[in-house]
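Data from input-v3.tsv: TSV, C-alpha atoms
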```tsv
chain	number	residue	atom	x	y	z
A	1	MET	CA	47.19	227.35	3.68
A	2	VAL	CA	50.15	229.36	2.55
A	3	SER	CA	52.32	231.17	5.02
A	4	ILE	CA	54.70	233.96	4.16
A	5	ARG	CA	57.43	235.32	6.33
A	6	VAL	CA	57.63	238.99	5.48
A	7	THR	CA	61.12	240.31	5.94
A	8	LYS	CA	60.55	243.82	4.71
A	9	GLN	CA	57.35	245.52	5.70
A	10	LEU	CA	56.58	248.84	4.13
A	11	LEU	CA	53.76	251.08	5.15
A	12	LEU	CA	52.45	252.41	1.90
A	13	THR	CA	51.51	255.97	1.29
A	14	PRO	CA	50.79	257.36	-2.15
A	15	ASN	CA	53.50	260.01	-1.97
A	16	MET	CA	56.14	257.31	-1.54
A	17	GLY	CA	55.31	256.36	-5.10
A	18	TRP	CA	54.15	252.89	-4.00
A	19	GLY	CA	57.62	251.59	-4.58
A	20	GLY	CA	60.31	250.12	-2.38
A	21	MET	CA	62.56	248.89	-5.13
A	22	SER	CA	66.02	250.02	-6.06
A	23	TRP	CA	68.25	248.80	-8.85
A	24	LYS	CA	70.41	246.95	-6.33
A	25	ASP	CA	67.57	244.50	-5.70
A	26	SER	CA	68.29	243.00	-9.11
A	27	PHE	CA	71.51	241.56	-7.79
A	28	VAL	CA	69.71	239.87	-4.92
A	29	THR	CA	67.45	237.87	-7.16
A	30	ILE	CA	69.36	237.89	-10.48
A	31	THR	CA	66.31	239.15	-12.30
A	32	PHE	CA	66.17	242.22	-14.46
A	33	PRO	CA	63.51	243.70	-16.69
A	34	SER	CA	63.85	242.24	-20.17
A	35	LYS	CA	65.02	245.49	-21.73
A	36	VAL	CA	67.97	245.66	-19.33
A	37	ILE	CA	68.80	242.01	-20.02
A	38	PHE	CA	68.78	242.51	-23.79
A	39	THR	CA	70.85	245.70	-23.62
A	40	SER	CA	73.47	244.25	-21.31
A	41	ALA	CA	73.64	240.94	-23.18
A	42	SER	CA	74.18	242.70	-26.51
A	43	LEU	CA	76.80	244.98	-24.97
A	44	LEU	CA	78.58	241.96	-23.49
A	45	LEU	CA	78.57	240.14	-26.83
A	46	LEU	CA	79.76	243.37	-28.47
A	47	LEU	CA	82.78	243.42	-26.15
A	48	VAL	CA	83.61	239.79	-27.01
A	49	HIS	CA	83.27	240.48	-30.73
A	50	MET	CA	85.41	243.60	-30.47
A	51	GLY	CA	88.09	241.57	-28.76
A	52	ILE	CA	88.07	238.93	-31.51
A	53	PHE	CA	87.99	241.62	-34.21
A	54	GLY	CA	90.93	243.42	-32.61
A	55	GLY	CA	92.91	240.18	-32.39
A	56	ASP	CA	92.18	239.42	-36.04
A	57	LEU	CA	93.24	242.89	-37.14
A	58	TYR	CA	96.43	242.62	-35.08
A	59	HIS	CA	97.38	239.25	-36.56
A	60	PHE	CA	96.44	240.36	-40.07
A	61	THR	CA	98.33	243.64	-40.14
A	62	VAL	CA	101.09	243.46	-37.53
A	63	THR	CA	102.26	239.90	-36.90
A	64	GLN	CA	100.87	238.42	-40.14
A	65	LYS	CA	100.43	234.97	-38.56
A	66	PHE	CA	97.29	234.07	-40.43
A	67	ASN	CA	96.78	230.75	-38.71
A	68	LEU	CA	96.09	232.61	-35.48
A	69	MET	CA	93.10	234.41	-36.98
A	70	SER	CA	89.54	233.26	-36.25
A	71	PHE	CA	89.05	231.38	-39.52
A	72	HIS	CA	87.90	228.22	-37.78
A	73	GLY	CA	85.14	229.94	-35.88
A	74	THR	CA	83.54	231.92	-38.70
A	75	THR	CA	80.16	230.15	-38.48
A	76	VAL	CA	79.81	230.59	-34.73
A	77	LEU	CA	81.10	234.15	-34.94
A	78	LEU	CA	78.64	235.24	-37.62
A	79	VAL	CA	75.68	233.63	-35.83
A	80	SER	CA	76.77	235.31	-32.63
A	81	HIS	CA	77.04	238.66	-34.43
A	82	VAL	CA	73.52	238.29	-35.78
A	83	MET	CA	72.20	237.29	-32.34
A	84	SER	CA	73.87	240.27	-30.71
A	85	PHE	CA	72.45	242.64	-33.30
A	86	TYR	CA	69.00	241.11	-32.86
A	87	TRP	CA	69.14	241.53	-29.10
A	88	ALA	CA	70.28	245.14	-29.48
A	89	LEU	CA	67.34	245.72	-31.82
A	90	LEU	CA	64.89	244.16	-29.35
A	91	ALA	CA	66.36	246.23	-26.53
A	92	THR	CA	65.93	249.36	-28.65
A	93	PHE	CA	62.28	248.56	-29.31
A	94	TYR	CA	61.64	247.91	-25.63
A	95	THR	CA	63.43	251.02	-24.42
A	96	LEU	CA	61.86	253.33	-26.98
A	97	GLU	CA	58.54	252.60	-25.34
A	98	ALA	CA	59.88	253.08	-21.84
A	99	ASN	CA	60.65	256.56	-20.66
A	100	ASP	CA	64.24	256.10	-19.56
A	101	LYS	CA	66.83	258.26	-21.28
A	102	VAL	CA	69.94	256.54	-19.89
A	103	LEU	CA	68.75	253.08	-20.88
A	104	ARG	CA	67.69	254.33	-24.30
A	105	GLY	CA	71.15	255.80	-24.80
A	106	PHE	CA	72.76	252.49	-23.94
A	107	ALA	CA	70.42	250.54	-26.21
A	108	LEU	CA	70.95	252.85	-29.19
A	109	THR	CA	74.72	252.82	-28.63
A	110	SER	CA	74.66	249.04	-28.57
A	111	LEU	CA	72.59	248.91	-31.76
A	112	VAL	CA	74.84	251.28	-33.73
A	113	MET	CA	78.08	249.71	-32.47
A	114	ASN	CA	76.82	246.19	-33.23
A	115	PHE	CA	75.90	247.22	-36.76
A	116	THR	CA	79.25	248.92	-37.33
A	117	LEU	CA	81.15	245.97	-35.97
A	118	PHE	CA	79.18	243.59	-38.17
A	119	VAL	CA	80.05	245.65	-41.26
A	120	GLY	CA	83.67	245.71	-40.12
A	121	ARG	CA	83.71	241.94	-39.63
A	122	PHE	CA	82.19	241.45	-43.08
A	123	CYS	CA	84.83	243.67	-44.70
A	124	LEU	CA	87.65	241.96	-42.83
A	125	ASP	CA	86.45	238.49	-43.79
A	126	TYR	CA	86.09	239.61	-47.40
A	127	LEU	CA	89.62	241.04	-47.45
A	128	THR	CA	91.17	237.99	-45.82
A	129	ILE	CA	89.35	235.38	-47.88
A	130	GLU	CA	92.55	234.64	-49.82
A	131	TYR	CA	94.36	233.72	-46.63
A	132	ARG	CA	92.02	230.92	-45.59
A	133	GLU	CA	93.20	227.37	-45.45
A	134	GLU	CA	91.94	225.54	-48.50
A	135	ILE	CA	90.09	222.29	-47.98
A	136	TYR	CA	88.93	220.05	-50.79
B	1	MET	CA	49.12	216.60	-13.02
B	2	LEU	CA	51.27	219.17	-11.29
B	3	ARG	CA	50.10	220.93	-8.20
B	4	GLY	CA	51.14	223.57	-5.72
B	5	ALA	CA	53.88	225.89	-6.84
B	6	PHE	CA	54.20	224.01	-10.13
B	7	MET	CA	50.59	224.52	-11.08
B	8	LEU	CA	51.30	226.72	-14.11
B	9	TRP	CA	53.72	224.19	-15.58
B	10	ASN	CA	50.99	221.94	-16.89
B	11	LEU	CA	51.26	221.67	-20.63
B	12	SER	CA	47.96	221.23	-22.32
B	13	PHE	CA	47.65	221.45	-26.07
B	14	PHE	CA	44.00	220.52	-26.60
B	15	ASN	CA	40.89	221.77	-24.83
B	16	VAL	CA	42.83	224.45	-23.01
B	17	GLU	CA	39.69	226.22	-21.83
B	18	ARG	CA	38.10	223.00	-20.57
B	19	THR	CA	41.18	222.24	-18.49
B	20	LEU	CA	41.02	225.71	-17.03
B	21	ALA	CA	37.32	225.34	-16.27
B	22	ARG	CA	37.98	222.03	-14.50
B	23	ARG	CA	40.69	223.68	-12.42
B	24	MET	CA	38.30	226.45	-11.49
B	25	GLN	CA	35.74	223.92	-10.34
B	26	GLN	CA	38.29	222.47	-7.93
B	27	ASN	CA	39.47	225.86	-6.69
B	28	ALA	CA	37.16	228.81	-7.16
B	29	HIS	CA	40.01	231.27	-6.78
B	30	TYR	CA	42.33	229.49	-9.20
B	31	PRO	CA	45.32	230.02	-9.40
B	32	PHE	CA	45.35	231.74	-6.03
B	33	GLN	CA	44.72	230.39	-2.54
B	34	VAL	CA	42.64	232.26	-0.03
B	35	GLN	CA	44.83	233.07	2.92
B	36	GLN	CA	42.46	235.35	4.77
B	37	PRO	CA	39.22	236.77	3.49
B	38	ASN	CA	40.13	239.21	0.73
B	39	VAL	CA	43.80	238.23	0.75
B	40	PHE	CA	44.79	235.94	-2.11
B	41	VAL	CA	48.20	234.32	-2.27
B	42	MET	CA	49.81	232.36	-5.03
B	43	GLU	CA	53.21	230.72	-4.93
B	44	TYR	CA	54.83	229.61	-8.14
B	45	TYR	CA	58.03	228.83	-9.95
B	46	LYS	CA	58.51	230.27	-13.41
B	47	ASP	CA	58.27	227.75	-16.21
B	48	MET	CA	61.59	229.07	-17.51
B	49	LEU	CA	63.10	226.91	-14.77
B	50	TRP	CA	62.55	223.60	-16.54
B	51	LYS	CA	63.12	225.12	-19.96
B	52	GLY	CA	66.46	226.54	-18.85
B	53	ALA	CA	67.40	223.25	-17.20
B	54	LEU	CA	66.50	221.40	-20.40
B	55	ILE	CA	68.61	223.75	-22.55
B	56	PHE	CA	71.49	223.46	-20.09
B	57	LEU	CA	71.40	219.65	-20.00
B	58	LEU	CA	71.03	219.31	-23.77
B	59	CYS	CA	73.95	221.65	-24.38
B	60	VAL	CA	76.18	219.92	-21.84
B	61	LEU	CA	75.42	216.51	-23.37
B	62	GLY	CA	75.80	217.84	-26.92
B	63	GLY	CA	79.08	219.53	-26.00
B	64	VAL	CA	80.48	216.33	-24.51
B	65	PHE	CA	79.52	214.34	-27.61
B	66	TYR	CA	80.94	217.07	-29.84
B	67	LEU	CA	84.27	217.04	-28.04
B	68	LYS	CA	84.50	213.26	-28.47
B	69	SER	CA	83.55	213.34	-32.14
B	70	GLU	CA	85.82	213.76	-35.12
B	71	LYS	CA	86.96	217.31	-35.87
B	72	VAL	CA	86.14	219.16	-39.07
B	73	SER	CA	87.69	222.39	-40.24
B	74	GLN	CA	85.00	224.59	-38.66
B	75	ASP	CA	84.81	224.68	-34.90
B	76	TYR	CA	81.21	224.60	-33.62
B	77	SER	CA	81.88	224.33	-29.89
B	78	GLY	CA	80.90	227.99	-29.46
B	79	PHE	CA	77.24	227.07	-29.95
B	80	PHE	CA	77.35	224.70	-26.99
B	81	ILE	CA	79.10	227.27	-24.81
B	82	TYR	CA	76.43	229.84	-25.67
B	83	GLY	CA	73.70	227.30	-24.94
B	84	ILE	CA	75.22	226.42	-21.58
B	85	LEU	CA	75.48	230.08	-20.63
B	86	VAL	CA	71.91	230.87	-21.68
B	87	GLY	CA	70.55	227.78	-19.91
B	88	LEU	CA	72.47	228.65	-16.77
B	89	TRP	CA	71.13	232.21	-16.88
B	90	LEU	CA	67.54	231.03	-17.27
B	91	LEU	CA	68.05	228.48	-14.49
B	92	LEU	CA	69.54	231.01	-12.09
B	93	SER	CA	67.10	233.80	-12.80
B	94	SER	CA	64.01	231.66	-12.24
B	95	MET	CA	65.36	229.49	-9.46
B	96	HIS	CA	63.64	231.28	-6.61
B	97	LYS	CA	60.09	230.77	-5.57
B	98	ARG	CA	57.75	233.68	-6.18
B	99	HIS	CA	54.79	234.73	-4.08
B	100	LEU	CA	52.12	236.93	-5.56
B	101	VAL	CA	49.83	238.46	-2.96
B	102	ILE	CA	46.65	240.34	-3.80
B	103	ASN	CA	45.69	242.15	-0.67
B	104	HIS	CA	42.25	243.75	-0.88
B	105	ALA	CA	42.37	244.70	2.79
B	106	ARG	CA	45.28	247.05	2.15
B	107	GLY	CA	44.40	247.70	-1.47
B	108	CYS	CA	47.67	246.60	-3.00
B	109	TYR	CA	49.42	243.71	-4.68
B	110	GLN	CA	52.88	242.49	-3.80
B	111	ILE	CA	55.30	240.12	-5.45
B	112	TYR	CA	57.96	238.46	-3.36
B	113	ILE	CA	60.94	236.75	-4.94
B	114	LYS	CA	63.10	234.73	-2.58
B	115	ARG	CA	60.87	236.05	0.22
B	116	GLN	CA	61.97	239.61	-0.47
B	117	LEU	CA	59.55	242.27	-1.47
B	118	TRP	CA	60.17	242.94	-5.12
B	119	GLU	CA	57.33	245.07	-6.34
B	120	GLU	CA	54.30	246.58	-4.73
B	121	GLY	CA	51.55	248.60	-6.26
B	122	PRO	CA	47.93	249.67	-6.09
B	123	LEU	CA	45.27	247.31	-7.37
B	124	TYR	CA	44.50	249.24	-10.54
B	125	GLN	CA	47.92	248.26	-11.87
B	126	ILE	CA	47.22	244.52	-11.95
B	127	TYR	CA	44.76	242.95	-14.34
B	128	VAL	CA	43.46	239.82	-15.99
B	129	ARG	CA	43.53	240.04	-19.74
B	130	LEU	CA	42.58	238.08	-22.80
B	131	THR	CA	45.27	238.42	-25.44
B	132	ALA	CA	45.02	237.39	-29.06
B	133	GLN	CA	47.56	236.27	-31.61
B	134	MET	CA	46.59	236.08	-35.23
B	135	ASP	CA	47.86	233.46	-37.65
B	136	ALA	CA	48.40	233.88	-41.38
B	137	TYR	CA	44.74	233.18	-42.22
B	138	GLY	CA	43.44	235.80	-39.80
B	139	LYS	CA	42.29	233.29	-37.22
B	140	CYS	CA	42.74	234.47	-33.64
B	141	PHE	CA	44.23	232.39	-30.84
B	142	TYR	CA	43.41	233.61	-27.37
B	143	SER	CA	45.44	233.42	-24.18
B	144	LEU	CA	44.41	234.36	-20.69
B	145	ILE	CA	47.05	236.16	-18.66
B	146	ILE	CA	47.51	237.91	-15.35
B	147	ASN	CA	49.88	240.82	-15.63
B	148	GLY	CA	50.65	244.10	-13.95
B	149	TYR	CA	53.26	246.75	-13.45
B	150	GLY	CA	56.50	245.10	-12.35
B	151	LEU	CA	55.09	241.58	-12.58
B	152	GLU	CA	55.99	238.68	-14.79
B	153	VAL	CA	53.28	237.56	-17.17
B	154	LEU	CA	51.38	234.58	-15.79
B	155	ALA	CA	49.70	232.60	-18.54
B	156	LEU	CA	46.67	230.77	-17.17
B	157	ALA	CA	45.68	229.26	-20.50
B	158	SER	CA	47.38	229.79	-23.80
B	159	LEU	CA	46.47	229.67	-27.47
B	160	SER	CA	42.91	228.49	-27.49
B	161	ASP	CA	40.86	229.15	-30.61
B	162	LYS	CA	37.62	229.82	-28.73
B	163	TYR	CA	36.64	233.33	-27.75
B	164	GLU	CA	34.46	231.81	-25.01
B	165	MET	CA	37.51	231.84	-22.78
B	166	GLU	CA	36.48	235.41	-22.19
B	167	PHE	CA	33.82	234.04	-19.85
B	168	LEU	CA	36.44	232.22	-17.77
B	169	GLY	CA	38.55	235.35	-17.69
B	170	ARG	CA	35.67	237.42	-16.41
B	171	ARG	CA	34.95	234.78	-13.79
B	172	ILE	CA	38.57	234.73	-12.58
B	173	ALA	CA	38.61	238.51	-12.45
B	174	ARG	CA	35.32	238.54	-10.54
B	175	LYS	CA	36.53	235.99	-7.99
B	176	LEU	CA	39.82	237.82	-7.48
B	177	LYS	CA	38.15	241.25	-7.72
B	178	LEU	CA	40.59	242.51	-10.32
B	179	ASN	CA	40.24	244.51	-13.49
B	180	TYR	CA	39.45	242.51	-16.60
B	181	PHE	CA	40.44	243.64	-20.08
B	182	ASP	CA	39.39	242.32	-23.45
B	183	TYR	CA	41.93	241.63	-26.18
B	184	LEU	CA	40.94	244.77	-28.07
B	185	ASP	CA	42.14	248.06	-26.65
B	186	VAL	CA	38.78	249.71	-27.21
B	187	SER	CA	36.01	247.36	-26.22
B	188	THR	CA	32.73	247.31	-24.37
B	189	ARG	CA	33.73	244.12	-22.58
B	190	HIS	CA	36.27	245.59	-20.18
B	191	VAL	CA	35.32	245.23	-16.52
B	192	ILE	CA	36.80	248.02	-14.44
B	193	ARG	CA	36.72	247.47	-10.69
B	194	HIS	CA	39.64	249.65	-9.63
B	195	ARG	CA	40.60	252.90	-11.26
B	196	PRO	CA	43.40	255.35	-10.65
B	197	PRO	CA	42.50	258.29	-8.44
B	198	LEU	CA	41.21	261.23	-10.39
B	199	GLU	CA	43.77	263.91	-11.04
B	200	ARG	CA	42.97	267.17	-9.37
B	201	ASP	CA	42.66	270.07	-11.75
B	202	ARG	CA	46.06	271.52	-11.03
B	203	ASP	CA	45.95	273.78	-14.05
B	204	LEU	CA	42.88	275.55	-12.79
B	205	GLN	CA	44.40	276.39	-9.45
B	206	VAL	CA	46.38	279.59	-9.29
```
Encoding of this model in structure tokens:
Amino acid sequence: MVSIRVTKQLLLTPNMGWGGMSWKDSFVTITFPSKVIFTSASLLLLLVHMGIFGGDLYHFTVTQKFNLMSFHGTTVLLVSHVMSFYWALLATFYTLEANDKVLRGFALTSLVMNFTLFVGRFCLDYLTIEYREEIY
Amino acid sequence: MLRGAFMLWNLSFFNVERTLARRMQQNAHYPFQVQQPNVFVMEYYKDMLWKGALIFLLCVLGGVFYLKSEKVSQDYSGFFIYGILVGLWLLLSSMHKRHLVINHARGCYQIYIKRQLWEEGPLYQIYVRLTAQMDAYGKCFYSLIINGYGLEVLALASLSDKYEMEFLGRRIARKLKLNYFDYLDVSTRHVIRHRPPLERDRDLQV
């Protein structure tokens, strides 16, 4: 026998749209629909990557302290870029099927920005390849 | 053999459909329990709970060993940090117990997470379905799922190579009085028990 204590009792009528859920409920249970998770995760990773990219650009052009650039983390950084782009792509596929314009905007923004940032990272790494520490 | 809220955690790789049939012999309304007549309740934890915990533990252990090991020029500790974060996320997001209630008396289904009403909908939005995945040689592998609008997919049996699981799916749907859908979109084997209310002809009214 299973017993449930119902804390929130709704009387359902069809014109209420059968729903009692708002977006704030997500923060109660830390669960989102997968499209929201993928979009926000890729945006979060995008922010991190932009920070690292900005730091690299700053040290490359302004201070010219090349040992402060992210040469030691290239492997992790590239894998993380690819993961972020993949999540943005998944989020785009999910949101293109859903009928939510705001979410679709976010997902497409994330996709385009991730791609641009990846191209930027590639160019920067190509330009700075002479400045890497040489190991034999 | 796991029971109760951990019932869906059982890993079975061979004879998936026979395991399911044995379960259904023990409990005719598997995976639900009959609370009142026509009210079926199921409590479960998502299987992402142990997967997330496993990822978390592995990454913590790997990170500790990595920090103690000899350094090379590339720094790989970022992988472990990502793994810890992902594992923690999976752990946190599936930590709470879920209750799925199919209430035929009121004609709706409800899912409670952490004893809070999360989603509620009419019965035509929840269904039992056979899904198929095809491998490179064109052979189909069938899974039996319960899904619905706003629900998480519950896999009752996964990746069996026998289409006869369809029979079990129909039986589950009949016992729970839900819609049953075949793996093809257009099929004669769908069993429709609930359907959305017919739209009134609004265009014809002036």
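CA of Thr74 (chain A) sits 14.6 Å away from CA of Glu130 (chain A).
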Starting from chain B, keep only residues with some atom at most 7 Å from an atom of chain A, counting only C-alpha atoms, and report them as a ChimeraX atom specification.
-> /B:35,73-76,78-79,93,113,115-121
Between CA of Ser160 (chain B) and CA of Leu20 (chain B) - distance in Å to one decimal |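 For CA of Leu20 (chain B) relative to CA of Ser160 (chain B), the distance reads 11.0 Å.
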List every protein, DNA or RNA residue that has at least one atom no more than 12 Å from (55.8, 236.8, -16.8) in the file's coordinates, counting only C-alpha atoms, and write the result as a PyMOL selection string.
-> (chain A and resi 31-34) or (chain B and resi 8+44-48+94+98+100+111+145-156)
Output for the residues just chosen: C-alpha atoms as an mmCIF file, keeping the file's coordinate frame:
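After the write, result08.cif holds the following:
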```
data_model
loop_
_atom_site.group_PDB
_atom_site.id
_atom_site.type_symbol
_atom_site.label_atom_id
_atom_site.label_comp_id
_atom_site.auth_asym_id
_atom_site.auth_seq_id
_atom_site.Cartn_x
_atom_site.Cartn_y
_atom_site.Cartn_z
ATOM 1 C CA THR A 31 66.310 239.150 -12.300
ATOM 2 C CA PHE A 32 66.170 242.220 -14.460
ATOM 3 C CA PRO A 33 63.510 243.700 -16.690
ATOM 4 C CA SER A 34 63.850 242.240 -20.170
ATOM 5 C CA LEU B 8 51.300 226.720 -14.110
ATOM 6 C CA TYR B 44 54.830 229.610 -8.140
ATOM 7 C CA TYR B 45 58.030 228.830 -9.950
ATOM 8 C CA LYS B 46 58.510 230.270 -13.410
ATOM 9 C CA ASP B 47 58.270 227.750 -16.210
ATOM 10 C CA MET B 48 61.590 229.070 -17.510
ATOM 11 C CA SER B 94 64.010 231.660 -12.240
ATOM 12 C CA ARG B 98 57.750 233.680 -6.180
ATOM 13 C CA LEU B 100 52.120 236.930 -5.560
ATOM 14 C CA ILE B 111 55.300 240.120 -5.450
ATOM 15 C CA ILE B 145 47.050 236.160 -18.660
ATOM 16 C CA ILE B 146 47.510 237.910 -15.350
ATOM 17 C CA ASN B 147 49.880 240.820 -15.630
ATOM 18 C CA GLY B 148 50.650 244.100 -13.950
ATOM 19 C CA TYR B 149 53.260 246.750 -13.450
ATOM 20 C CA GLY B 150 56.500 245.100 -12.350
ATOM 21 C CA LEU B 151 55.090 241.580 -12.580
ATOM 22 C CA GLU B 152 55.990 238.680 -14.790
ATOM 23 C CA VAL B 153 53.280 237.560 -17.170
ATOM 24 C CA LEU B 154 51.380 234.580 -15.790
ATOM 25 C CA ALA B 155 49.700 232.600 -18.540
ATOM 26 C CA LEU B 156 46.670 230.770 -17.170
#
```
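Interatomic distance, CA of Gln110 (chain B) to CA of Val191 (chain B): 21.9 Å.
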Give me the residues within 7 Å of Gln133 (chain B) as a PyMOL selection string, counting only C-alpha atoms and dropping any in the same chain fewer than 3 places off.
-> chain B and resi 140-142
Give me the residues near region 108-123 of chain A as a compact mmCIF listing (two decimals) with C-alpha atoms, in the frame of the given file, where near means some atom within 8 Å (using only C-alpha atoms) and where sequence neighbours in that chain fewer than 2 positions away do not count.
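Result written to out_31.txt:
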```txt
# COMPACT_ATOMS: atom_id res chain seq x y z
CA THR A 39 70.85 245.70 -23.62
CA SER A 42 74.18 242.70 -26.51
CA LEU A 43 76.80 244.98 -24.97
CA LEU A 46 79.76 243.37 -28.47
CA HIS A 49 83.27 240.48 -30.73
CA MET A 50 85.41 243.60 -30.47
CA PHE A 53 87.99 241.62 -34.21
CA HIS A 81 77.04 238.66 -34.43
CA SER A 84 73.87 240.27 -30.71
CA PHE A 85 72.45 242.64 -33.30
CA ALA A 88 70.28 245.14 -29.48
CA LEU A 89 67.34 245.72 -31.82
CA THR A 92 65.93 249.36 -28.65
CA ARG A 104 67.69 254.33 -24.30
CA GLY A 105 71.15 255.80 -24.80
CA PHE A 106 72.76 252.49 -23.94
CA ASP A 125 86.45 238.49 -43.79
CA TYR A 126 86.09 239.61 -47.40
CA LEU A 127 89.62 241.04 -47.45
```
To test the calculation: enclose all listed atoms of region 73-89 of chain B in a box whose edges run along x, y and z, add 5 Å on each side, then state centre and edge lengths in Å to one decimal, as JSON.
```
{"center_x": 79.1, "center_y": 227.3, "center_z": -28.5, "size_x": 27.1, "size_y": 19.8, "size_z": 33.5}
```
Which one of B:Arg129, B:His29, B:Lys139, B:Lys162 sits closest to Phe181 (chain B) if you count only C-alpha atoms?
-> B:Arg129
Missing atoms in region 44-56 of chain A should be modelled up to N, CA and C atoms and reported as a PDB file, keeping the file's coordinate frame.
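That gives us rebuild_5.pdb:
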```
ATOM      1  N   LEU A  44      77.581 242.966 -23.864  1.00  0.00           N
ATOM      2  CA  LEU A  44      78.580 241.960 -23.490  1.00  0.00           C
ATOM      3  C   LEU A  44      79.104 241.233 -24.723  1.00  0.00           C
ATOM      4  N   LEU A  45      78.159 240.816 -25.591  1.00  0.00           N
ATOM      5  CA  LEU A  45      78.570 240.140 -26.830  1.00  0.00           C
ATOM      6  C   LEU A  45      79.397 241.081 -27.700  1.00  0.00           C
ATOM      7  N   LEU A  46      79.014 242.378 -27.685  1.00  0.00           N
ATOM      8  CA  LEU A  46      79.760 243.370 -28.470  1.00  0.00           C
ATOM      9  C   LEU A  46      81.211 243.420 -28.017  1.00  0.00           C
ATOM     10  N   LEU A  47      81.416 243.385 -26.682  1.00  0.00           N
ATOM     11  CA  LEU A  47      82.780 243.420 -26.150  1.00  0.00           C
ATOM     12  C   LEU A  47      83.575 242.204 -26.640  1.00  0.00           C
ATOM     13  N   VAL A  48      82.935 241.016 -26.557  1.00  0.00           N
ATOM     14  CA  VAL A  48      83.610 239.790 -27.010  1.00  0.00           C
ATOM     15  C   VAL A  48      83.986 239.903 -28.483  1.00  0.00           C
ATOM     16  N   HIS A  49      83.014 240.375 -29.292  1.00  0.00           N
ATOM     17  CA  HIS A  49      83.270 240.480 -30.730  1.00  0.00           C
ATOM     18  C   HIS A  49      84.362 241.494 -31.033  1.00  0.00           C
ATOM     19  N   MET A  50      84.369 242.594 -30.254  1.00  0.00           N
ATOM     20  CA  MET A  50      85.410 243.600 -30.470  1.00  0.00           C
ATOM     21  C   MET A  50      86.777 243.022 -30.150  1.00  0.00           C
ATOM     22  N   GLY A  51      86.825 242.211 -29.105  1.00  0.00           N
ATOM     23  CA  GLY A  51      88.090 241.570 -28.760  1.00  0.00           C
ATOM     24  C   GLY A  51      88.576 240.677 -29.887  1.00  0.00           C
ATOM     25  N   ILE A  52      87.682 239.840 -30.428  1.00  0.00           N
ATOM     26  CA  ILE A  52      88.070 238.930 -31.510  1.00  0.00           C
ATOM     27  C   ILE A  52      88.472 239.721 -32.752  1.00  0.00           C
ATOM     28  N   PHE A  53      87.706 240.778 -33.033  1.00  0.00           N
ATOM     29  CA  PHE A  53      87.990 241.620 -34.210  1.00  0.00           C
ATOM     30  C   PHE A  53      89.368 242.278 -34.075  1.00  0.00           C
ATOM     31  N   GLY A  54      89.630 242.792 -32.853  1.00  0.00           N
ATOM     32  CA  GLY A  54      90.930 243.420 -32.610  1.00  0.00           C
ATOM     33  C   GLY A  54      92.065 242.421 -32.789  1.00  0.00           C
ATOM     34  N   GLY A  55      91.887 241.214 -32.252  1.00  0.00           N
ATOM     35  CA  GLY A  55      92.910 240.180 -32.390  1.00  0.00           C
ATOM     36  C   GLY A  55      93.153 239.845 -33.850  1.00  0.00           C
ATOM     37  N   ASP A  56      92.046 239.735 -34.618  1.00  0.00           N
ATOM     38  CA  ASP A  56      92.180 239.420 -36.040  1.00  0.00           C
ATOM     39  C   ASP A  56      92.936 240.513 -36.776  1.00  0.00           C
TER      40      ASP A  56
END
```
